[in-house]
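Listing of entry24.txt; format and content: compact mmCIF, C-alpha atoms.
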```
# COMPACT_ATOMS: atom_id res chain seq x y z
CA MET A 575 -3.89 5.01 22.64
CA LYS A 576 -0.18 5.48 21.87
CA ILE A 577 0.59 4.79 18.22
CA LEU A 578 3.90 4.85 16.35
CA ILE A 579 3.70 5.24 12.57
CA LEU A 580 6.77 4.51 10.48
CA GLY A 581 6.10 6.57 7.37
CA GLY A 582 2.67 8.13 7.25
CA THR A 583 3.26 11.42 5.44
CA ARG A 584 2.91 10.27 1.82
CA PHE A 585 0.10 8.91 -0.34
CA PHE A 586 -2.41 6.79 1.62
CA GLY A 587 -0.41 7.45 4.78
CA ILE A 588 -1.95 10.93 4.76
CA PRO A 589 -5.61 9.94 5.38
CA MET A 590 -4.46 7.18 7.76
CA THR A 591 -2.36 9.48 9.93
CA LYS A 592 -4.95 12.25 10.00
CA LYS A 593 -7.62 9.81 11.16
CA LEU A 594 -5.42 8.29 13.86
CA ALA A 595 -4.05 11.62 15.10
CA ALA A 596 -7.58 12.95 15.60
CA LYS A 597 -8.17 10.70 18.61
CA ASN A 598 -4.85 9.12 19.58
CA ASP A 599 -1.38 10.03 20.82
CA ALA A 600 0.32 9.53 17.45
CA THR A 601 4.02 9.71 16.65
CA ILE A 602 5.42 9.58 13.12
CA ALA A 603 8.94 8.30 12.48
CA ASN A 604 10.64 8.99 9.17
CA ARG A 605 13.66 10.71 7.66
CA GLY A 606 12.02 14.12 8.01
CA LYS A 607 12.37 14.85 4.32
CA THR A 608 8.68 14.89 3.35
CA ALA A 609 6.70 17.96 4.38
CA ASP A 610 3.30 17.39 5.96
CA ASN A 611 0.42 19.51 7.20
CA LEU A 612 -0.14 17.56 10.42
CA GLY A 613 1.17 20.36 12.61
CA ASP A 614 1.03 19.71 16.35
CA SER A 615 -1.43 16.82 15.97
CA VAL A 616 1.51 14.37 15.96
CA SER A 617 4.89 13.96 17.60
CA ARG A 618 7.91 13.32 15.37
CA LEU A 619 10.99 11.14 15.39
CA ILE A 620 13.80 11.27 12.83
CA ILE A 621 14.92 7.81 11.78
CA GLU A 622 16.92 6.18 9.00
CA ARG A 623 15.53 2.69 9.20
CA SER A 624 18.30 1.07 7.15
CA ASP A 625 20.79 2.20 9.82
CA GLU A 626 20.78 0.06 12.99
CA ASN A 627 22.27 2.86 15.09
CA SER A 628 19.67 5.36 13.91
CA VAL A 629 16.81 2.98 14.68
CA LYS A 630 18.21 2.18 18.12
CA ALA A 631 18.77 5.83 18.99
CA ALA A 632 15.22 6.79 17.99
CA LEU A 633 13.27 3.80 19.33
CA LYS A 634 15.23 2.00 22.06
CA ASN A 635 13.03 1.29 25.13
CA ARG A 636 10.04 3.14 23.71
CA LYS A 637 6.67 1.45 24.16
CA TYR A 638 3.47 1.86 22.15
CA ASP A 639 0.09 0.22 22.03
CA VAL A 640 0.33 -0.12 18.25
CA VAL A 641 3.15 0.22 15.73
CA ILE A 642 2.09 0.73 12.09
CA ASP A 643 5.01 0.01 9.81
CA LYS A 644 4.40 1.39 6.32
CA THR A 645 8.02 1.39 5.21
CA ALA A 646 9.27 -2.15 5.88
CA TYR A 647 10.46 -3.79 2.68
CA SER A 648 12.59 -6.66 4.00
CA SER A 649 13.19 -8.97 6.94
CA ASN A 650 16.02 -6.74 8.22
CA ASP A 651 13.73 -3.71 8.09
CA VAL A 652 11.28 -5.49 10.38
CA LYS A 653 13.96 -6.85 12.72
CA ARG A 654 15.67 -3.50 13.25
CA VAL A 655 12.37 -1.98 14.38
CA ARG A 656 11.00 -4.90 16.38
CA ASP A 657 14.26 -5.37 18.29
CA ASN A 658 14.18 -1.78 19.49
CA VAL A 659 10.59 -0.95 20.31
CA LYS A 660 7.89 -2.61 22.41
CA CYS A 661 4.28 -2.79 21.28
CA GLU A 662 1.06 -4.68 21.91
CA LYS A 663 0.24 -4.89 18.21
CA TYR A 664 2.38 -4.57 15.09
CA ILE A 665 0.70 -3.72 11.77
CA LEU A 666 2.88 -4.37 8.74
CA MET A 667 2.14 -2.82 5.34
CA SER A 668 2.61 -5.78 3.02
CA SER A 669 1.37 -6.24 -0.56
CA SER A 670 -0.63 -8.52 -2.84
CA ALA A 671 2.76 -9.08 -4.53
CA VAL A 672 3.41 -11.78 -1.92
CA TYR A 673 1.07 -14.05 -3.93
CA GLU A 674 3.14 -15.86 -6.53
CA ASN A 675 0.10 -17.22 -8.40
CA ILE A 676 -2.49 -14.52 -7.87
CA HIS A 677 -5.88 -15.22 -9.47
CA ASN A 678 -9.53 -14.34 -9.12
CA GLU A 679 -10.58 -14.18 -5.45
CA THR A 680 -7.13 -14.90 -4.01
CA THR A 681 -7.38 -15.60 -0.26
CA GLU A 682 -4.90 -14.86 2.51
CA ASP A 683 -3.93 -18.49 3.11
CA GLU A 684 -2.41 -18.71 -0.38
CA PHE A 685 0.75 -17.21 1.08
CA LYS A 686 1.58 -18.46 4.56
CA ALA A 687 4.39 -16.38 6.02
CA VAL A 688 4.92 -18.82 8.87
CA GLU A 689 5.88 -21.54 6.36
CA HIS A 690 8.05 -19.46 4.01
CA SER A 691 11.83 -19.90 4.17
CA LEU A 692 13.05 -16.91 6.20
CA LYS A 693 16.18 -15.16 4.97
CA TRP A 694 17.79 -12.09 6.51
CA CYS A 695 17.87 -9.55 3.71
CA GLU A 696 17.75 -5.93 2.66
CA ARG A 697 15.30 -4.53 0.15
CA SER A 698 17.89 -4.67 -2.64
CA ASP A 699 18.55 -8.38 -2.17
CA PHE A 700 15.31 -9.53 -3.80
CA GLY A 701 12.55 -8.32 -6.07
CA TYR A 702 9.65 -6.46 -4.47
CA GLY A 703 7.40 -9.52 -4.00
CA GLU A 704 10.03 -11.71 -2.34
CA ALA A 705 11.30 -8.85 -0.17
CA LYS A 706 7.75 -8.37 1.15
CA ARG A 707 7.45 -12.13 1.74
CA GLN A 708 10.58 -11.94 3.83
CA ALA A 709 9.22 -9.00 5.82
CA GLU A 710 6.08 -10.96 6.65
CA SER A 711 8.04 -14.12 7.38
CA CYS A 712 10.23 -12.25 9.85
CA VAL A 713 7.39 -11.08 12.04
CA ALA A 714 5.49 -14.38 11.76
CA GLN A 715 8.46 -16.63 12.54
CA TYR A 716 11.01 -14.59 14.50
CA TYR A 717 8.48 -12.90 16.80
CA PRO A 718 5.88 -15.68 17.26
CA GLU A 719 4.40 -14.10 20.41
CA GLN A 720 3.77 -10.77 18.71
CA ALA A 721 0.18 -9.89 17.87
CA TYR A 722 0.43 -8.68 14.29
CA ILE A 723 -1.50 -7.90 11.12
CA ALA A 724 0.01 -8.01 7.63
CA VAL A 725 -2.09 -5.88 5.28
CA ARG A 726 -2.03 -6.86 1.60
CA TYR A 727 -3.15 -4.31 -1.00
CA PRO A 728 -3.11 -4.37 -4.81
CA VAL A 729 -2.30 -1.22 -6.84
CA VAL A 730 -3.21 1.92 -4.88
CA ILE A 731 -4.70 4.90 -6.73
CA GLY A 732 -5.53 8.46 -5.72
CA GLU A 733 -4.58 12.08 -6.22
CA HIS A 734 -1.56 11.77 -3.92
CA ASP A 735 -0.07 8.85 -5.88
CA TYR A 736 3.55 9.88 -6.39
CA THR A 737 4.13 6.95 -8.79
CA LYS A 738 1.73 8.59 -11.28
CA ARG A 739 0.80 5.25 -12.82
CA LEU A 740 -2.85 6.04 -13.53
CA TYR A 741 -1.88 9.64 -14.32
CA PHE A 742 0.32 8.25 -17.12
CA TYR A 743 -2.75 7.10 -19.10
CA VAL A 744 -4.56 10.43 -18.70
CA GLU A 745 -1.51 12.46 -19.65
CA HIS A 746 -0.76 10.35 -22.72
CA VAL A 747 -4.31 10.50 -24.05
CA ILE A 748 -4.71 14.25 -23.51
CA ASN A 749 -1.35 15.04 -25.10
CA SER A 750 -1.64 12.43 -27.90
CA ILE A 751 1.56 10.74 -26.76
CA PRO A 752 1.92 7.22 -28.20
CA MET A 753 1.76 4.47 -25.58
CA PHE A 754 2.15 0.72 -25.67
CA ILE A 755 -0.49 -1.25 -23.77
CA ASP A 756 0.22 -4.97 -23.82
CA ASP A 757 -3.35 -6.16 -23.11
CA MET A 758 -6.40 -3.91 -23.30
CA ASP A 759 -8.53 -6.83 -22.05
CA SER A 760 -6.55 -7.21 -18.84
CA ARG A 761 -8.69 -6.90 -15.70
CA ILE A 762 -6.97 -5.80 -12.52
CA SER A 763 -7.80 -4.74 -8.98
CA PHE A 764 -7.14 -1.45 -7.21
CA ILE A 765 -7.65 0.19 -3.87
CA HIS A 766 -8.21 3.92 -3.46
CA GLU A 767 -5.92 5.87 -1.13
CA ASP A 768 -8.84 6.78 1.15
CA ASP A 769 -9.85 3.13 1.59
CA ALA A 770 -6.20 2.11 2.00
CA GLY A 771 -5.49 4.70 4.69
CA GLU A 772 -8.79 4.37 6.52
CA PHE A 773 -8.61 0.58 6.66
CA LEU A 774 -5.15 0.72 8.23
CA ALA A 775 -6.47 3.16 10.82
CA TYR A 776 -9.53 0.97 11.39
CA LEU A 777 -7.32 -2.06 12.12
CA VAL A 778 -5.80 -0.35 15.15
CA GLU A 779 -8.88 -1.27 17.18
CA SER A 780 -9.73 -4.49 15.33
CA ASP A 781 -9.31 -8.01 16.70
CA VAL A 782 -8.24 -9.40 13.31
CA ARG A 783 -4.83 -11.11 13.30
CA GLY A 784 -2.40 -12.37 10.68
CA ALA A 785 -2.67 -11.55 6.99
CA VAL A 786 -5.64 -9.60 5.67
CA ASN A 787 -6.47 -8.48 2.12
CA GLY A 788 -7.77 -5.03 1.32
CA CYS A 789 -9.20 -4.04 -2.05
CA CYS A 790 -11.91 -1.96 -3.69
CA ARG A 791 -14.95 -3.96 -4.70
CA GLY A 792 -14.76 -5.36 -8.22
CA ASP A 793 -12.09 -5.08 -10.88
CA ILE A 794 -11.78 -3.12 -14.12
CA PHE A 795 -10.59 -3.64 -17.69
CA ILE A 796 -7.71 -1.51 -18.93
CA LYS A 797 -9.85 -0.73 -21.98
CA GLU A 798 -12.51 0.72 -19.65
CA ILE A 799 -9.92 3.08 -18.18
CA VAL A 800 -8.74 4.23 -21.61
CA SER A 801 -12.29 4.55 -22.95
CA TYR A 802 -13.36 6.70 -19.98
CA ILE A 803 -10.41 9.05 -20.51
CA GLU A 804 -11.22 9.34 -24.23
CA GLN A 805 -14.90 10.05 -23.58
CA ASN A 806 -14.17 12.72 -21.01
CA THR A 807 -11.40 14.51 -22.86
CA GLY A 808 -12.59 14.25 -26.45
CA LYS A 809 -9.17 12.85 -27.34
CA LYS A 810 -8.26 9.51 -28.88
CA ALA A 811 -5.57 7.33 -27.33
CA VAL A 812 -2.57 6.83 -29.60
CA LEU A 813 -1.67 3.16 -29.25
CA SER A 814 1.60 1.99 -30.73
CA ALA A 815 4.01 -0.89 -30.19
CA GLY A 816 6.77 1.71 -30.19
CA GLY A 817 5.07 3.97 -27.67
CA ASP A 818 5.88 4.51 -24.02
CA ALA A 819 5.27 1.30 -22.07
CA ALA A 820 2.14 1.67 -19.93
CA PRO A 821 2.57 1.21 -16.15
CA TYR A 822 0.03 -1.60 -15.80
CA ASN A 823 1.66 -3.76 -18.49
CA GLY A 824 2.49 -7.22 -17.18
CA TYR A 825 0.00 -7.14 -14.32
CA PRO A 826 -1.78 -10.50 -14.01
CA SER A 827 -5.28 -10.37 -15.46
CA PHE A 828 -8.36 -11.49 -13.49
CA ALA A 829 -6.24 -11.15 -10.36
CA THR A 830 -8.52 -10.08 -7.54
CA LEU A 831 -8.32 -10.33 -3.78
CA ASN A 832 -10.94 -11.95 -1.60
CA THR A 833 -11.75 -9.42 1.15
CA SER A 834 -14.17 -11.54 3.21
CA LYS A 835 -11.84 -11.51 6.22
CA ALA A 836 -11.55 -7.73 6.14
CA GLU A 837 -15.25 -7.10 5.66
CA LYS A 838 -16.15 -9.45 8.53
CA THR A 839 -14.58 -6.82 10.77
CA GLY A 840 -17.27 -4.39 9.62
CA PHE A 841 -15.18 -2.37 7.19
CA ILE A 842 -16.77 -1.82 3.78
CA PHE A 843 -14.59 -1.05 0.77
CA THR A 844 -15.81 1.26 -1.99
CA GLU A 845 -16.49 0.27 -5.61
CA VAL A 846 -13.52 0.33 -7.96
CA HIS A 847 -15.16 2.01 -10.99
CA ASN A 848 -16.37 4.95 -8.91
CA ARG A 849 -12.94 5.53 -7.40
CA ILE A 850 -11.01 5.07 -10.66
CA TYR A 851 -13.27 7.50 -12.53
CA GLU A 852 -13.17 10.02 -9.67
CA THR A 853 -9.37 9.93 -9.73
CA ILE A 854 -9.26 10.26 -13.52
CA ASP A 855 -11.61 13.26 -13.33
CA ASN A 856 -9.21 14.95 -10.92
CA TYR A 857 -6.25 14.26 -13.22
CA ILE A 858 -8.14 15.65 -16.23
CA LYS A 859 -8.88 18.86 -14.30
CA SER A 860 -5.26 19.21 -13.25
CA LEU A 861 -4.07 18.79 -16.84
CA SER A 862 -6.62 21.22 -18.23
```

Now that the file is in, can you turn its structure into structure tokens?
Amino acid sequence: MKILILGGTRFFGIPMTKKLAAKNDATIANRGKTADNLGDSVSRLIIERSDENSVKAALKNRKYDVVIDKTAYSSNDVKRVRDNVKCEKYILMSSSAVYENIHNETTEDEFKAVEHSLKWCERSDFGYGEAKRQAESCVAQYYPEQAYIAVRYPVVIGEHDYTKRLYFYVEHVINSIPMFIDDMDSRISFIHEDDAGEFLAYLVESDVRGAVNGCCRGDIFIKEIVSYIEQNTGKKAVLSAGGDAAPYNGYPSFATLNTSKAEKTGFIFTEVHNRIYETIDNYIKSLS
């Protein structure tokens, strides 16, 4: 199978690309600025996706069985790619941020891209959630004949997380750096980078269509995260209203994703506590 991956060399793109390259003719398209260890297992294209001429030069008249677009953040991002490449299936990396009123067991039909008001925009024109809504709306409305999947994840964790959001908590506890956590009783959802990458790879051969949620099983209290770090470092978190603002502040509590549609395909997500604690253990080792 011929697969084009836009992105694919960072974070959960790493396990995804490795899995796909092992048995497919995979090509990665990016700016060429992020080193990878994929070697000759993939072909490479250099592309600046915000530049119409660059996209056209790299992709014009190319045809793939599947395009996985991990770096589309707006309707214009999607259009520039879809106007210049042919594919049987287009997989868009979306986000749970498309849900304006996310709550416990949020289902895919709570944001319907086909009904959202489509606006041609760049990433900078809107906040993250609305920009992702526009990306989904573009493929759903402007390319109605295209077989597509829009994958919606919550916060992604793992050792390759360049945002270092979970790492922040470990670092602050170990080094006794004051931090401000707005709600220790907040419960939020996560997905581990392995699940995130492997599910995207799994969808290449799946018959699922439209939006699909992906998420580790269960959710977790912020206080559980802090308590686990304290117990496994022998340090006490320094909590202060004047401390560094914690990365998960402001996240909606009891906001989980219903993954019934995903799991009906046969994919089984791992349990959130196991993956959070495993990731924290790795951070503790790296800081020790």

Measuring atom to atom with only C-alpha atoms, identify which of A:Phe754, A:Ile799, A:Ala829, A:Ser763 is nearest to Gly816 (chain A).
A:Phe754

Neighbour list for Tyr647 (chain A) as a CSV table (one decimal) with C-alpha atoms, in the frame of the given file, cut-off 10 Å, all atoms listed in the file, skip fewer than 3 positions in-chain:
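Saved result, selection32.csv, follows:
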```csv
chain,number,residue,atom,x,y,z
A,643,ASP,CA,5.0,0.0,9.8
A,644,LYS,CA,4.4,1.4,6.3
A,650,ASN,CA,16.0,-6.7,8.2
A,651,ASP,CA,13.7,-3.7,8.1
A,652,VAL,CA,11.3,-5.5,10.4
A,666,LEU,CA,2.9,-4.4,8.7
A,667,MET,CA,2.1,-2.8,5.3
A,668,SER,CA,2.6,-5.8,3.0
A,669,SER,CA,1.4,-6.2,-0.6
A,695,CYS,CA,17.9,-9.6,3.7
A,696,GLU,CA,17.8,-5.9,2.7
A,697,ARG,CA,15.3,-4.5,0.2
A,698,SER,CA,17.9,-4.7,-2.6
A,700,PHE,CA,15.3,-9.5,-3.8
A,702,TYR,CA,9.6,-6.5,-4.5
A,703,GLY,CA,7.4,-9.5,-4.0
A,704,GLU,CA,10.0,-11.7,-2.3
A,705,ALA,CA,11.3,-8.8,-0.2
A,706,LYS,CA,7.8,-8.4,1.2
A,707,ARG,CA,7.4,-12.1,1.7
A,708,GLN,CA,10.6,-11.9,3.8
A,709,ALA,CA,9.2,-9.0,5.8
A,710,GLU,CA,6.1,-11.0,6.6
```

Using all atoms listed in the file, which residue out of A:Ile665, A:Val747, A:Val616, A:Leu580 lies closest to Glu804 (chain A)?
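Looking at the shortest contact to Glu804 (chain A), the residue is A:Val747.
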
Per residue of region 611-657 of chain A within 12 Å of region 584-592 of chain A, which atom pair is closest and at what distance in Å (one decimal), using all atoms listed in the file, listed by chain and increasing number, as a tab-separated table?
```
residue	atom	partner	partner_atom	distance
A:Asn611	CA	A:Ile588	CA	9.2
A:Leu612	CA	A:Lys592	CA	7.2
A:Gly613	CA	A:Lys592	CA	10.5
A:Asp614	CA	A:Lys592	CA	11.5
A:Ser615	CA	A:Lys592	CA	8.3
A:Val616	CA	A:Thr591	CA	8.7
A:Ser617	CA	A:Thr591	CA	11.5
A:Ile642	CA	A:Thr591	CA	10.1
A:Asp643	CA	A:Gly587	CA	10.5
A:Lys644	CA	A:Gly587	CA	7.9
A:Thr645	CA	A:Gly587	CA	10.4
```

Any idea what the distance is between CA of Gly732 (chain A) and CA of Ala770 (chain A)?
10.0 Å

Within 6 Å of (2.4, 9.6, 16.7), all atoms listed in the file: residues as a short mmCIF file (atom, residue, chain, number, x, y, z; two decimals) with C-alpha atoms, in the coordinates of the input?
```
data_model
loop_
_atom_site.label_atom_id
_atom_site.label_comp_id
_atom_site.auth_asym_id
_atom_site.auth_seq_id
_atom_site.Cartn_x
_atom_site.Cartn_y
_atom_site.Cartn_z
CA ILE A 577 0.59 4.79 18.22
CA LEU A 578 3.90 4.85 16.35
CA ASP A 599 -1.38 10.03 20.82
CA ALA A 600 0.32 9.53 17.45
CA THR A 601 4.02 9.71 16.65
CA ILE A 602 5.42 9.58 13.12
CA VAL A 616 1.51 14.37 15.96
CA SER A 617 4.89 13.96 17.60
#
```

Mind running region 604-684 of chain A against region 835-855 of chain A at 12 Å and telling me each contacting residue's nearest atom pair with the distance in Å (one decimal), counting all atoms listed in the file, chain and number ascending, as a Markdown table?
```
| residue | atom | partner | partner_atom | distance |
| --- | --- | --- | --- | --- |
| A:Thr680 | CA | A:Lys835 | CA | 11.8 |
| A:Thr681 | CA | A:Lys835 | CA | 8.9 |
| A:Glu682 | CA | A:Lys835 | CA | 8.6 |
| A:Asp683 | CA | A:Lys835 | CA | 11.0 |
```

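Among the candidates A:Ser760, A:Ala815, A:Lys576, A:Arg656, the residue lying nearest to Asn598 (chain A) is A:Lys576 (atoms considered: only C-alpha atoms).
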
Tell me which protein, DNA and RNA residues are within 12 Å of Thr737 (chain A), counting only C-alpha atoms, leaving out same-chain ones fewer than 4 positions away, and put them as a count of residues only.
11

Distance in Å - CA of Gln715 (chain A) versus CA of Leu594 (chain A)
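If I compute the distance from CA of Gln715 (chain A) to CA of Leu594 (chain A), I get 28.6 Å.
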
Got a sec: who's within 12 Å of Met753 (chain A), counting all atoms listed in the file, leaving out chain neighbours fewer than 3 positions off, as a list in words?
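In the requested form, the answer reads Phe742, Tyr743, Val744, Glu745, His746, Val747, Ile748, Asn749, Ser750, Asp756, Met758, Val800, Lys810, Ala811, Val812, Leu813, Ser814, Ala815, Gly816, Gly817, Asp818, Ala819, Ala820, Pro821, Tyr822 and Asn823 of chain A.
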
Store the residues of this selection in a file with C-alpha atoms, as a PDB file, keeping the file's coordinate frame.
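Dumped everything to part33.pdb:
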```pdb
ATOM      1  CA  PHE A 742       0.320   8.250 -17.120  1.00  0.00           C
ATOM      2  CA  TYR A 743      -2.750   7.100 -19.100  1.00  0.00           C
ATOM      3  CA  VAL A 744      -4.560  10.430 -18.700  1.00  0.00           C
ATOM      4  CA  GLU A 745      -1.510  12.460 -19.650  1.00  0.00           C
ATOM      5  CA  HIS A 746      -0.760  10.350 -22.720  1.00  0.00           C
ATOM      6  CA  VAL A 747      -4.310  10.500 -24.050  1.00  0.00           C
ATOM      7  CA  ILE A 748      -4.710  14.250 -23.510  1.00  0.00           C
ATOM      8  CA  ASN A 749      -1.350  15.040 -25.100  1.00  0.00           C
ATOM      9  CA  SER A 750      -1.640  12.430 -27.900  1.00  0.00           C
ATOM     10  CA  ASP A 756       0.220  -4.970 -23.820  1.00  0.00           C
ATOM     11  CA  MET A 758      -6.400  -3.910 -23.300  1.00  0.00           C
ATOM     12  CA  VAL A 800      -8.740   4.230 -21.610  1.00  0.00           C
ATOM     13  CA  LYS A 810      -8.260   9.510 -28.880  1.00  0.00           C
ATOM     14  CA  ALA A 811      -5.570   7.330 -27.330  1.00  0.00           C
ATOM     15  CA  VAL A 812      -2.570   6.830 -29.600  1.00  0.00           C
ATOM     16  CA  LEU A 813      -1.670   3.160 -29.250  1.00  0.00           C
ATOM     17  CA  SER A 814       1.600   1.990 -30.730  1.00  0.00           C
ATOM     18  CA  ALA A 815       4.010  -0.890 -30.190  1.00  0.00           C
ATOM     19  CA  GLY A 816       6.770   1.710 -30.190  1.00  0.00           C
ATOM     20  CA  GLY A 817       5.070   3.970 -27.670  1.00  0.00           C
ATOM     21  CA  ASP A 818       5.880   4.510 -24.020  1.00  0.00           C
ATOM     22  CA  ALA A 819       5.270   1.300 -22.070  1.00  0.00           C
ATOM     23  CA  ALA A 820       2.140   1.670 -19.930  1.00  0.00           C
ATOM     24  CA  PRO A 821       2.570   1.210 -16.150  1.00  0.00           C
ATOM     25  CA  TYR A 822       0.030  -1.600 -15.800  1.00  0.00           C
ATOM     26  CA  ASN A 823       1.660  -3.760 -18.490  1.00  0.00           C
TER      27      ASN A 823
END
```

Residues at most 7 Å from Arg783 (chain A), counting only C-alpha atoms, excluding those fewer than 4 positions away in the same chain, as a PyMOL selection string?
chain A and resi 721-723

Nearest to Glu674 (chain A), chosen from A:Pro826, A:Val782, A:Asp757, A:Pro752, with all atoms listed in the file counted in the distances
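Answer, going by the shortest atom-to-atom distance: A:Pro826.
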
Please write out, as lines of an AutoDock Vina configuration file, where the centre of an axis-aligned box around all listed atoms of region 695-712 of chain A lies and how long its edges are, in Å to one decimal, after adding 5 Å on each side.
```
center_x = 12.3
center_y = -9.3
center_z = 1.9
size_x = 22.5
size_y = 19.6
size_z = 25.9
```

When you count all atoms listed in the file, which of these residues is closest to Ile755 (chain A): A:Lys797, A:Arg636, A:Arg654, A:Arg605?
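Ranked by minimum distance to Ile755 (chain A), first place goes to A:Lys797.
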
Would you mind telling me which residue in A:Asn806, A:Asn832, A:Ser801, A:Ser827 lies nearest to Val786 (chain A) when using all atoms listed in the file?
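Ranking A:Asn806, A:Asn832, A:Ser801, A:Ser827 by distance to Val786 (chain A), first place goes to A:Asn832.
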
Between CA of Tyr727 (chain A) and CA of Arg791 (chain A), what is the distance, to one decimal in Å?
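One can read the CA of Tyr727 (chain A) to CA of Arg791 (chain A) distance as 12.4 Å.
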
Long-range neighbours of Ser670 (chain A) as a list in words, 6 Å cut-off, all atoms listed in the file, 3 positions minimum in chain
Tyr673, Arg726, Tyr727 and Pro728 of chain A
